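To be precise, the following lines are data15.cif, and they hold mmCIF, C-alpha atoms and all ligand atoms.
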```cif
data_upload
loop_
_atom_site.group_PDB
_atom_site.id
_atom_site.type_symbol
_atom_site.label_atom_id
_atom_site.label_comp_id
_atom_site.auth_asym_id
_atom_site.auth_seq_id
_atom_site.Cartn_x
_atom_site.Cartn_y
_atom_site.Cartn_z
ATOM 1 C CA MET A 7 0.000 0.000 0.000
ATOM 2 C CA ALA A 8 1.376 3.404 -0.900
ATOM 3 C CA GLY A 9 1.059 6.414 1.378
ATOM 4 C CA ASP A 10 2.106 10.048 1.514
ATOM 5 C CA LEU A 11 5.553 10.691 2.888
ATOM 6 C CA ALA A 12 6.347 13.602 5.169
ATOM 7 C CA LEU A 13 9.882 14.142 3.922
ATOM 8 C CA PRO A 14 12.174 16.530 5.833
ATOM 9 C CA LEU A 15 11.950 20.166 4.803
ATOM 10 C CA ILE A 16 15.197 22.130 4.884
ATOM 11 C CA ASP A 17 15.291 25.928 5.099
ATOM 12 C CA LEU A 18 18.257 27.033 2.980
ATOM 13 C CA ALA A 19 18.095 30.582 4.343
ATOM 14 C CA SER A 20 18.487 29.609 7.996
ATOM 15 C CA PRO A 21 21.445 31.452 9.580
ATOM 16 C CA ASP A 22 22.188 28.412 11.749
ATOM 17 C CA LEU A 23 24.404 26.513 9.285
ATOM 18 C CA ASP A 24 25.331 23.790 11.776
ATOM 19 C CA SER A 25 21.764 22.903 12.451
ATOM 20 C CA THR A 26 20.918 23.025 8.709
ATOM 21 C CA ALA A 27 23.867 20.735 7.977
ATOM 22 C CA LYS A 28 22.718 18.309 10.685
ATOM 23 C CA SER A 29 19.187 18.193 9.238
ATOM 24 C CA ILE A 30 20.573 17.637 5.731
ATOM 25 C CA ARG A 31 22.767 14.792 6.952
ATOM 26 C CA LYS A 32 19.834 13.111 8.643
ATOM 27 C CA ALA A 33 17.636 13.529 5.551
ATOM 28 C CA CYS A 34 20.369 12.085 3.283
ATOM 29 C CA VAL A 35 20.956 9.123 5.610
ATOM 30 C CA ASP A 36 17.290 8.375 6.334
ATOM 31 C CA TYR A 37 15.670 9.032 2.968
ATOM 32 C CA GLY A 38 18.067 10.342 0.306
ATOM 33 C CA PHE A 39 15.130 12.664 -0.494
ATOM 34 C CA PHE A 40 14.035 15.956 1.062
ATOM 35 C CA TYR A 41 12.516 19.352 0.248
ATOM 36 C CA ILE A 42 14.308 22.681 0.226
ATOM 37 C CA VAL A 43 12.579 26.013 0.796
ATOM 38 C CA ASN A 44 13.912 29.574 0.889
ATOM 39 C CA HIS A 45 16.314 28.643 -1.902
ATOM 40 C CA GLY A 46 16.063 32.160 -3.347
ATOM 41 C CA ILE A 47 13.903 31.364 -6.377
ATOM 42 C CA GLU A 48 10.548 33.066 -6.726
ATOM 43 C CA GLU A 49 7.456 30.940 -7.204
ATOM 44 C CA SER A 50 6.564 33.199 -10.167
ATOM 45 C CA PHE A 51 9.776 32.142 -11.902
ATOM 46 C CA PHE A 52 8.972 28.460 -11.339
ATOM 47 C CA GLN A 53 5.561 29.104 -12.913
ATOM 48 C CA GLN A 54 7.208 30.846 -15.870
ATOM 49 C CA VAL A 55 9.543 27.878 -16.464
ATOM 50 C CA LEU A 56 6.629 25.432 -16.330
ATOM 51 C CA LYS A 57 4.627 27.655 -18.681
ATOM 52 C CA GLU A 58 7.457 27.843 -21.233
ATOM 53 C CA SER A 59 7.980 24.090 -20.941
ATOM 54 C CA LYS A 60 4.295 23.541 -21.692
ATOM 55 C CA LYS A 61 4.541 25.814 -24.731
ATOM 56 C CA PHE A 62 7.384 23.722 -26.125
ATOM 57 C CA PHE A 63 5.683 20.376 -25.614
ATOM 58 C CA SER A 64 2.507 21.797 -27.196
ATOM 59 C CA LEU A 65 4.334 22.383 -30.517
ATOM 60 C CA PRO A 66 3.577 19.994 -33.391
ATOM 61 C CA LEU A 67 5.695 16.827 -33.228
ATOM 62 C CA ASP A 68 7.547 17.622 -36.478
ATOM 63 C CA GLU A 69 8.667 20.951 -34.993
ATOM 64 C CA LYS A 70 9.911 19.224 -31.812
ATOM 65 C CA MET A 71 11.626 16.486 -33.841
ATOM 66 C CA LYS A 72 13.821 19.135 -35.507
ATOM 67 C CA LEU A 73 15.510 19.380 -32.090
ATOM 68 C CA LYS A 74 15.805 15.645 -31.476
ATOM 69 C CA THR A 75 18.702 14.755 -29.225
ATOM 70 C CA ARG A 76 21.671 13.054 -30.888
ATOM 71 C CA LYS A 77 24.901 11.801 -29.337
ATOM 72 C CA ASP A 78 25.226 15.172 -27.575
ATOM 73 C CA ASN A 79 22.562 14.419 -24.963
ATOM 74 C CA ARG A 80 20.853 17.770 -25.561
ATOM 75 C CA GLY A 81 17.465 18.519 -27.083
ATOM 76 C CA PHE A 82 14.178 16.690 -27.448
ATOM 77 C CA ASN A 83 13.392 13.056 -26.798
ATOM 78 C CA PRO A 84 9.991 11.942 -28.022
ATOM 79 C CA LEU A 85 7.458 9.791 -26.321
ATOM 80 C CA PRO A 86 7.606 6.960 -25.438
ATOM 81 C CA SER A 87 11.092 6.692 -23.911
ATOM 82 C CA LEU A 88 12.641 3.251 -24.022
ATOM 83 C CA THR A 89 14.757 1.941 -21.188
ATOM 84 C CA LEU A 90 18.025 0.083 -21.591
ATOM 85 C CA ASP A 91 16.744 -3.296 -20.474
ATOM 86 C CA SER A 92 13.298 -3.086 -22.015
ATOM 87 C CA PRO A 93 12.311 -6.381 -23.620
ATOM 88 C CA PRO A 94 10.879 -5.865 -27.123
ATOM 89 C CA GLU A 95 7.280 -6.241 -25.937
ATOM 90 C CA VAL A 96 7.708 -3.322 -23.530
ATOM 91 C CA GLN A 97 6.628 -0.053 -25.043
ATOM 92 C CA GLY A 98 8.703 2.391 -23.003
ATOM 93 C CA ASP A 99 8.080 5.067 -20.413
ATOM 94 C CA VAL A 100 5.271 7.528 -20.970
ATOM 95 C CA TYR A 101 7.013 10.895 -21.037
ATOM 96 C CA GLU A 102 8.667 13.226 -23.497
ATOM 97 C CA GLY A 103 11.659 15.280 -22.464
ATOM 98 C CA PHE A 104 14.061 18.074 -23.352
ATOM 99 C CA PHE A 105 17.687 18.344 -22.185
ATOM 100 C CA ILE A 106 19.576 21.606 -21.724
ATOM 101 C CA SER A 107 23.122 21.890 -20.429
ATOM 102 C CA SER A 108 25.675 24.631 -19.904
ATOM 103 C CA SER A 109 25.917 27.269 -22.633
ATOM 104 C CA LYS A 110 29.486 28.034 -21.595
ATOM 105 C CA ILE A 111 31.173 24.692 -21.273
ATOM 106 C CA SER A 112 31.621 22.333 -24.143
ATOM 107 C CA HIS A 113 33.140 19.108 -22.815
ATOM 108 C CA SER A 114 34.609 17.462 -25.879
ATOM 109 C CA GLN A 115 31.996 14.754 -26.209
ATOM 110 C CA PHE A 116 29.085 17.087 -25.653
ATOM 111 C CA ASN A 117 27.908 19.718 -28.085
ATOM 112 C CA ALA A 118 25.880 22.874 -27.905
ATOM 113 C CA ASN A 119 22.327 23.313 -26.663
ATOM 114 C CA LYS A 120 19.468 23.150 -29.124
ATOM 115 C CA TRP A 121 16.783 25.848 -28.995
ATOM 116 C CA PRO A 122 13.340 26.227 -30.546
ATOM 117 C CA PRO A 123 13.162 29.155 -33.029
ATOM 118 C CA GLU A 124 12.781 32.606 -31.428
ATOM 119 C CA GLU A 125 9.774 33.329 -33.711
ATOM 120 C CA LEU A 126 7.924 30.377 -32.195
ATOM 121 C CA LEU A 127 8.945 30.744 -28.539
ATOM 122 C CA PRO A 128 10.478 34.192 -27.947
ATOM 123 C CA PHE A 129 11.373 33.929 -24.230
ATOM 124 C CA TRP A 130 12.192 30.297 -24.162
ATOM 125 C CA LYS A 131 15.990 30.286 -24.422
ATOM 126 C CA ALA A 132 16.419 33.145 -21.928
ATOM 127 C CA THR A 133 14.079 31.477 -19.429
ATOM 128 C CA MET A 134 15.795 28.102 -19.624
ATOM 129 C CA GLU A 135 19.314 29.550 -19.497
ATOM 130 C CA SER A 136 18.355 31.530 -16.436
ATOM 131 C CA TYR A 137 16.803 28.462 -14.807
ATOM 132 C CA TYR A 138 19.979 26.475 -15.492
ATOM 133 C CA GLU A 139 22.152 29.155 -13.854
ATOM 134 C CA LYS A 140 19.879 29.440 -10.817
ATOM 135 C CA MET A 141 19.793 25.672 -10.310
ATOM 136 C CA LEU A 142 23.563 25.498 -10.680
ATOM 137 C CA ALA A 143 23.920 28.044 -7.867
ATOM 138 C CA VAL A 144 21.404 26.257 -5.600
ATOM 139 C CA SER A 145 23.114 22.901 -6.212
ATOM 140 C CA LYS A 146 26.479 24.404 -5.249
ATOM 141 C CA LYS A 147 25.061 25.850 -2.046
ATOM 142 C CA LEU A 148 23.455 22.545 -1.211
ATOM 143 C CA ILE A 149 26.644 20.596 -1.881
ATOM 144 C CA SER A 150 28.596 22.949 0.395
ATOM 145 C CA LEU A 151 26.057 22.249 3.172
ATOM 146 C CA MET A 152 26.374 18.533 2.467
ATOM 147 C CA ALA A 153 30.155 18.848 2.818
ATOM 148 C CA LEU A 154 29.662 20.577 6.193
ATOM 149 C CA SER A 155 27.280 17.802 7.194
ATOM 150 C CA LEU A 156 30.054 15.278 6.524
ATOM 151 C CA GLY A 157 32.468 17.119 8.810
ATOM 152 C CA LEU A 158 34.349 18.617 5.840
ATOM 153 C CA ASP A 159 35.265 22.138 4.799
ATOM 154 C CA ASP A 160 32.190 23.716 3.175
ATOM 155 C CA LEU A 161 34.253 24.200 0.005
ATOM 156 C CA PHE A 162 35.523 20.610 -0.025
ATOM 157 C CA PHE A 163 33.849 19.635 -3.314
ATOM 158 C CA GLU A 164 34.936 22.930 -4.913
ATOM 159 C CA LYS A 165 38.518 22.340 -3.793
ATOM 160 C CA ILE A 166 38.725 18.845 -5.251
ATOM 161 C CA GLY A 167 37.435 20.251 -8.557
ATOM 162 C CA ALA A 168 34.047 18.499 -8.497
ATOM 163 C CA LEU A 169 32.270 21.761 -9.278
ATOM 164 C CA HIS A 170 34.906 23.400 -11.470
ATOM 165 C CA GLU A 171 33.264 22.778 -14.856
ATOM 166 C CA PRO A 172 30.496 20.442 -13.830
ATOM 167 C CA LEU A 173 28.384 18.504 -16.229
ATOM 168 C CA ALA A 174 24.834 19.470 -15.360
ATOM 169 C CA TYR A 175 21.501 19.250 -17.110
ATOM 170 C CA VAL A 176 18.061 20.754 -16.951
ATOM 171 C CA ARG A 177 15.608 18.113 -18.133
ATOM 172 C CA LEU A 178 12.078 19.245 -18.901
ATOM 173 C CA LEU A 179 9.604 16.419 -18.561
ATOM 174 C CA HIS A 180 6.060 16.143 -19.853
ATOM 175 C CA TYR A 181 3.750 13.306 -18.873
ATOM 176 C CA PRO A 182 0.819 13.382 -21.299
ATOM 177 C CA GLY A 183 -1.938 12.076 -18.999
ATOM 178 C CA LYS A 184 -5.023 10.714 -20.698
ATOM 179 C CA THR A 185 -4.231 12.534 -23.955
ATOM 180 C CA PHE A 186 -1.904 9.561 -24.626
ATOM 181 C CA GLU A 187 -3.651 6.310 -25.361
ATOM 182 C CA GLY A 188 -1.936 3.203 -24.117
ATOM 183 C CA SER A 189 -0.667 4.421 -20.715
ATOM 184 C CA CYS A 190 -2.413 1.469 -19.119
ATOM 185 C CA GLY A 191 -0.015 -0.742 -17.172
ATOM 186 C CA ARG A 192 2.906 1.530 -17.950
ATOM 187 C CA LEU A 193 4.938 3.976 -15.922
ATOM 188 C CA GLY A 194 5.711 7.642 -16.496
ATOM 189 C CA VAL A 195 9.335 6.928 -15.539
ATOM 190 C CA SER A 196 10.436 3.407 -14.548
ATOM 191 C CA ALA A 197 12.092 2.742 -11.184
ATOM 192 C CA HIS A 198 15.629 4.111 -11.131
ATOM 193 C CA SER A 199 18.112 6.024 -9.031
ATOM 194 C CA ASP A 200 19.790 9.134 -10.445
ATOM 195 C CA PHE A 201 23.453 8.600 -11.247
ATOM 196 C CA GLY A 202 24.880 12.071 -10.540
ATOM 197 C CA MET A 203 25.665 13.992 -7.335
ATOM 198 C CA VAL A 204 22.305 15.590 -6.603
ATOM 199 C CA THR A 205 19.027 16.238 -8.410
ATOM 200 C CA LEU A 206 16.765 19.236 -7.819
ATOM 201 C CA LEU A 207 13.214 18.645 -8.959
ATOM 202 C CA LEU A 208 10.471 21.151 -9.659
ATOM 203 C CA THR A 209 6.980 19.632 -9.736
ATOM 204 C CA ASP A 210 3.703 21.202 -10.835
ATOM 205 C CA GLY A 211 1.324 19.850 -8.187
ATOM 206 C CA VAL A 212 0.068 16.833 -10.146
ATOM 207 C CA ARG A 213 0.889 13.641 -8.267
ATOM 208 C CA GLY A 214 2.979 10.840 -9.684
ATOM 209 C CA LEU A 215 6.423 10.759 -8.029
ATOM 210 C CA GLN A 216 7.019 7.859 -5.649
ATOM 211 C CA ILE A 217 10.026 6.536 -3.770
ATOM 212 C CA CYS A 218 10.926 3.077 -2.519
ATOM 213 C CA ARG A 219 12.992 3.368 0.638
ATOM 214 C CA ASP A 220 14.003 -0.289 0.778
ATOM 215 C CA LYS A 221 14.614 -1.770 -2.649
ATOM 216 C CA ASP A 222 15.284 -5.244 -1.214
ATOM 217 C CA ARG A 223 11.964 -5.484 0.610
ATOM 218 C CA SER A 224 9.465 -7.831 -0.980
ATOM 219 C CA PRO A 225 6.951 -6.721 -2.022
ATOM 220 C CA GLN A 226 8.381 -3.242 -2.575
ATOM 221 C CA LEU A 227 6.640 -0.398 -0.777
ATOM 222 C CA TRP A 228 6.156 2.722 -2.902
ATOM 223 C CA GLU A 229 5.328 5.972 -1.123
ATOM 224 C CA ASP A 230 4.038 9.194 -2.699
ATOM 225 C CA VAL A 231 6.166 12.316 -2.616
ATOM 226 C CA PRO A 232 3.586 15.106 -2.503
ATOM 227 C CA HIS A 233 4.152 18.502 -4.077
ATOM 228 C CA VAL A 234 5.044 21.251 -1.583
ATOM 229 C CA HIS A 235 4.274 24.773 -2.797
ATOM 230 C CA GLY A 236 7.453 26.753 -3.480
ATOM 231 C CA ALA A 237 9.757 23.867 -2.558
ATOM 232 C CA LEU A 238 12.194 21.890 -4.686
ATOM 233 C CA VAL A 239 12.518 18.159 -4.130
ATOM 234 C CA VAL A 240 16.166 17.160 -3.671
ATOM 235 C CA ASN A 241 17.535 13.684 -4.083
ATOM 236 C CA VAL A 242 20.983 12.230 -3.558
ATOM 237 C CA GLY A 243 22.425 10.514 -6.648
ATOM 238 C CA ASP A 244 24.611 7.391 -6.959
ATOM 239 C CA MET A 245 27.774 9.476 -7.239
ATOM 240 C CA LEU A 246 27.317 11.025 -3.804
ATOM 241 C CA GLU A 247 26.293 7.654 -2.409
ATOM 242 C CA ARG A 248 29.641 6.360 -3.678
ATOM 243 C CA TRP A 249 31.569 9.341 -2.269
ATOM 244 C CA THR A 250 29.961 8.793 1.133
ATOM 245 C CA ASN A 251 30.542 5.021 1.074
ATOM 246 C CA CYS A 252 26.759 4.490 1.099
ATOM 247 C CA LEU A 253 26.170 6.714 4.157
ATOM 248 C CA PHE A 254 23.967 8.944 1.991
ATOM 249 C CA ARG A 255 21.324 7.013 0.112
ATOM 250 C CA SER A 256 20.569 7.221 -3.570
ATOM 251 C CA THR A 257 16.949 6.136 -3.375
ATOM 252 C CA LEU A 258 14.930 4.281 -5.978
ATOM 253 C CA HIS A 259 12.108 6.379 -7.416
ATOM 254 C CA ARG A 260 9.589 6.291 -10.254
ATOM 255 C CA VAL A 261 6.725 8.274 -11.727
ATOM 256 C CA LEU A 262 3.243 6.815 -12.208
ATOM 257 C CA THR A 263 1.168 7.602 -15.245
ATOM 258 C CA THR A 264 -1.601 9.974 -14.281
ATOM 259 C CA GLU A 265 -5.010 10.926 -15.636
ATOM 260 C CA GLN A 266 -3.949 14.543 -15.606
ATOM 261 C CA GLU A 267 -1.082 15.927 -17.662
ATOM 262 C CA ARG A 268 1.994 16.532 -15.540
ATOM 263 C CA TYR A 269 5.064 18.731 -16.029
ATOM 264 C CA SER A 270 8.249 18.556 -14.005
ATOM 265 C CA VAL A 271 11.749 19.965 -14.384
ATOM 266 C CA ALA A 272 14.754 18.056 -13.094
ATOM 267 C CA PHE A 273 18.218 19.553 -12.648
ATOM 268 C CA PHE A 274 21.002 16.986 -12.528
ATOM 269 C CA GLN A 275 24.325 18.028 -11.000
ATOM 270 C CA ASP A 276 26.736 15.362 -12.299
ATOM 271 C CA GLY A 277 30.083 16.865 -11.269
ATOM 272 C CA ASP A 278 33.194 17.786 -13.246
ATOM 273 C CA PRO A 279 34.342 14.892 -15.459
ATOM 274 C CA ALA A 280 37.978 15.616 -14.487
ATOM 275 C CA CYS A 281 37.568 15.102 -10.732
ATOM 276 C CA MET A 282 38.142 11.891 -8.775
ATOM 277 C CA ILE A 283 35.362 10.155 -6.863
ATOM 278 C CA GLU A 284 36.917 8.491 -3.862
ATOM 279 C CA CYS A 285 35.170 7.243 -0.692
ATOM 280 C CA LEU A 286 35.567 9.993 1.912
ATOM 281 C CA GLU A 287 37.763 9.166 4.882
ATOM 282 C CA SER A 288 35.116 10.514 7.247
ATOM 283 C CA CYS A 289 32.713 7.862 5.906
ATOM 284 C CA CYS A 290 35.125 4.916 6.213
ATOM 285 C CA SER A 291 36.617 3.028 9.138
ATOM 286 C CA LYS A 292 38.318 -0.282 9.834
ATOM 287 C CA GLU A 293 34.924 -1.899 10.303
ATOM 288 C CA ASN A 294 33.486 -0.058 7.318
ATOM 289 C CA PRO A 295 36.207 -0.003 4.658
ATOM 290 C CA PRO A 296 35.664 1.722 1.285
ATOM 291 C CA ARG A 297 33.150 -0.223 -0.787
ATOM 292 C CA PHE A 298 34.258 1.300 -4.092
ATOM 293 C CA PRO A 299 37.649 1.965 -5.686
ATOM 294 C CA ALA A 300 38.533 5.541 -6.651
ATOM 295 C CA ILE A 301 37.365 6.419 -10.160
ATOM 296 C CA GLN A 302 37.638 9.471 -12.356
ATOM 297 C CA CYS A 303 34.250 11.098 -12.784
ATOM 298 C CA ALA A 304 34.580 10.933 -16.608
ATOM 299 C CA ASP A 305 35.047 7.148 -16.481
ATOM 300 C CA TYR A 306 32.185 6.804 -14.056
ATOM 301 C CA LEU A 307 29.919 8.922 -16.263
ATOM 302 C CA GLN A 308 30.902 7.147 -19.465
ATOM 303 C CA GLY A 309 28.767 4.124 -18.766
ATOM 304 C CA HIS A 310 25.907 6.193 -17.448
ATOM 305 C CA ILE A 311 25.793 8.855 -20.100
ATOM 306 C CA SER A 312 25.947 6.314 -22.904
ATOM 307 C CA ALA A 313 23.290 4.305 -21.081
ATOM 308 C CA GLU A 314 21.232 7.486 -21.015
ATOM 309 C CA LEU A 315 21.765 7.970 -24.734
ATOM 310 C CA TYR A 316 20.815 4.362 -25.252
ATOM 311 C CA ASN A 317 17.616 5.103 -23.304
ATOM 312 C CA LEU A 318 16.840 7.747 -25.848
ATOM 313 C CA GLY A 319 17.233 5.227 -28.659
ATOM 314 C CA LEU A 320 20.433 6.678 -30.081
ATOM 315 C CA ASN A 321 22.956 3.871 -29.955
HETATM 316 O O1 LIG A 401 9.232 13.834 -12.978
HETATM 317 C C1 LIG A 401 9.555 13.486 -11.845
HETATM 318 O O2 LIG A 401 8.860 13.734 -10.850
HETATM 319 C C2 LIG A 401 10.843 12.710 -11.607
HETATM 320 C C3 LIG A 401 11.702 12.536 -12.827
HETATM 321 C C4 LIG A 401 12.949 11.735 -12.553
HETATM 322 O O3 LIG A 401 13.038 10.994 -11.626
HETATM 323 C C5 LIG A 401 14.125 11.898 -13.444
HETATM 324 O O4 LIG A 401 14.020 12.585 -14.471
HETATM 325 O O5 LIG A 401 15.197 11.321 -13.114
HETATM 326 FE FE FE A 402 15.141 10.447 -11.260
#
```
Could I get this structure in the form of structure tokens?
Ligand SMILES: O=C(O)CCC(=O)C(=O)O
Ligand SMILES: [Fe+2]
Amino acid sequence: MAGDLALPLIDLASPDLDSTAKSIRKACVDYGFFYIVNHGIEESFFQQVLKESKKFFSLPLDEKMKLKTRKDNRGFNPLPSLTLDSPPEVQGDVYEGFFISSSKISHSQFNANKWPPEELLPFWKATMESYYEKMLAVSKKLISLMALSLGLDDLFFEKIGALHEPLAYVRLLHYPGKTFEGSCGRLGVSAHSDFGMVTLLLTDGVRGLQICRDKDRSPQLWEDVPHVHGALVVNVGDMLERWTNCLFRSTLHRVLTTEQERYSVAFFQDGDPACMIECLESCCSKENPPRFPAIQCADYLQGHISAELYNLGLN
């Protein structure tokens, strides 16, 4: 039976950094999911981003397909989205998406952003670029609080280069609701954990997101993550789970198909490909030795990013 979860709510503007760090640590250990409020982003801007996203997904399919994502992992992916291990009879997840990354950095294997024509959507590019920059700043603040929560210097992840030229993405998601025939028995997004450092998720109030706190429990228990007005949902990704030697949890989550259309916007902070991911000393001991060898972020991402491209039917 699924139920509503009362996830921890963290106030990013609290002057008491120690207490904020403690709450973040507890949330990352207990759930790997929490809300942040007072992150500095106006609700009206969230509404603008969701409105622009809706305008894009409302364009005719041939217009959207002009921006189809290629090997660069940027642009449009049409509905339905296939998963890596989908058997042929499975028809894929019921969402369409759009990926945007940094306009400044061009890591060799990744190209430039794709944008819908200005004549069609005049404020689109500016809105999305601004959202990307704002999310980048919030993710950095959050990661510095996470570092504090681990007994490290607040700039620890900056100093080891993890945030120098980070690979990060805004992913607009549209779940079509009952306008799409054939949702029956399918999921909006199949069960997965995010592979990066942290994800910041903006939701529009339509239900659908669920988490499974114990993936080994049988049967699995899926709990609803309700929308909280003005808040962003944060989740720890596999990369940070690895850094913290599994102290922080990268929790399984999924999205149900819904009657109503649903829009969400995820921001994935995946770290700088040049940095090393190595279990933190403060998370290891004689009794709890490192569970993972050190790995360069680029090598770690390789498998995941190509898996992601595979998901989009590109390989
Ligand atoms: O749309 C949502 O609520 C979650 C999407 C998600 O989990 C993802 O894009 O990784
Ligand atoms: Fe996710």
Run the PyMOL selection byres (((not hetatm)) within 10 of (chain A and resi 401)) against the file shown and list the residues it catches, as a PyMOL selection string. chain A and resi 101+103+176-181+194-201+205-210+212-217+231-233+239+241+243+258-262+268-274
Rank A:Val240, A:Leu151, A:Leu126, A:Val234 by their smallest atom-to-atom distance to ligand FE 402 (chain A), using all atoms listed in the file, and report the top residue only. A:Val240
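Taking only C-alpha atoms and all ligand atoms into account, ligand FE 402 (chain A) lies nearest to A:Val242 out of the set A:Leu227, A:Leu15, A:Val242, A:Ala300.
For the set A:Leu158, A:Gly211, A:Arg297, A:Asp78, the residue with the smallest atom-to-atom gap to Gly236 (chain A) is A:Gly211, counting only C-alpha atoms.
Distance annotation: of A:Val35, A:Arg192, A:Gln302, A:Tyr138, the residue with the minimal separation from Asn251 (chain A) is A:Val35; atom set is all atoms listed in the file.
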List the residues matched by the PyMOL selection byres (((chain A and resi 296) around 9) and not hetatm) in the displayed structure as number ranges by chain, ordered by chain and then by residue number. A: 251, 284-287, 289-291, 294-295, 297-299
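Checking A:Met203, A:Ile311, A:Cys190, A:Lys120 one by one against Gly98 (chain A), counting all atoms listed in the file, you find the shortest gap at A:Cys190.
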So, counting all atoms listed in the file, which residue among A:Phe63, A:Phe52, A:Phe162, A:Phe39 is closest to Val204 (chain A)? A:Phe39
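Residues matched by the PyMOL selection byres (((chain A and resi 54) around 12) and not hetatm) in this file are A:Ile47, A:Glu48, A:Glu49, A:Ser50, A:Phe51, A:Phe52, A:Gln53, A:Val55, A:Leu56, A:Lys57, A:Glu58, A:Ser59, A:Lys60, A:Lys61, A:Phe129, A:Trp130, A:Ala132, A:Thr133, A:Met134, A:Ser136, A:Tyr137, A:Leu208, A:Asp210, A:Val271.
The space separating CA of Arg80 (chain A) from CA of Leu169 (chain A) comes to 20.3 Å.
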Starting from 4 Å padding per side, set up an axis-aligned box that covers all listed atoms of region 46-63 of chain A and hand over centre and edge lengths in Å, one decimal, as lines of an AutoDock Vina configuration file.
```
center_x = 10.2
center_y = 26.8
center_z = -14.7
size_x = 19.8
size_y = 20.8
size_z = 30.8
```
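Atom to atom, CA of Ile42 (chain A) and CA of Ala27 (chain A) stand 12.5 Å apart.
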At a cut-off of 12 Å around the point (24.0, 27.1, -1.9) (file coordinates), what residues fall inside when counting only C-alpha atoms? I'd like the answer as a VMD selection string. chain A and resid 17 to 20 23 26 to 27 42 to 47 140 to 154 160 to 161
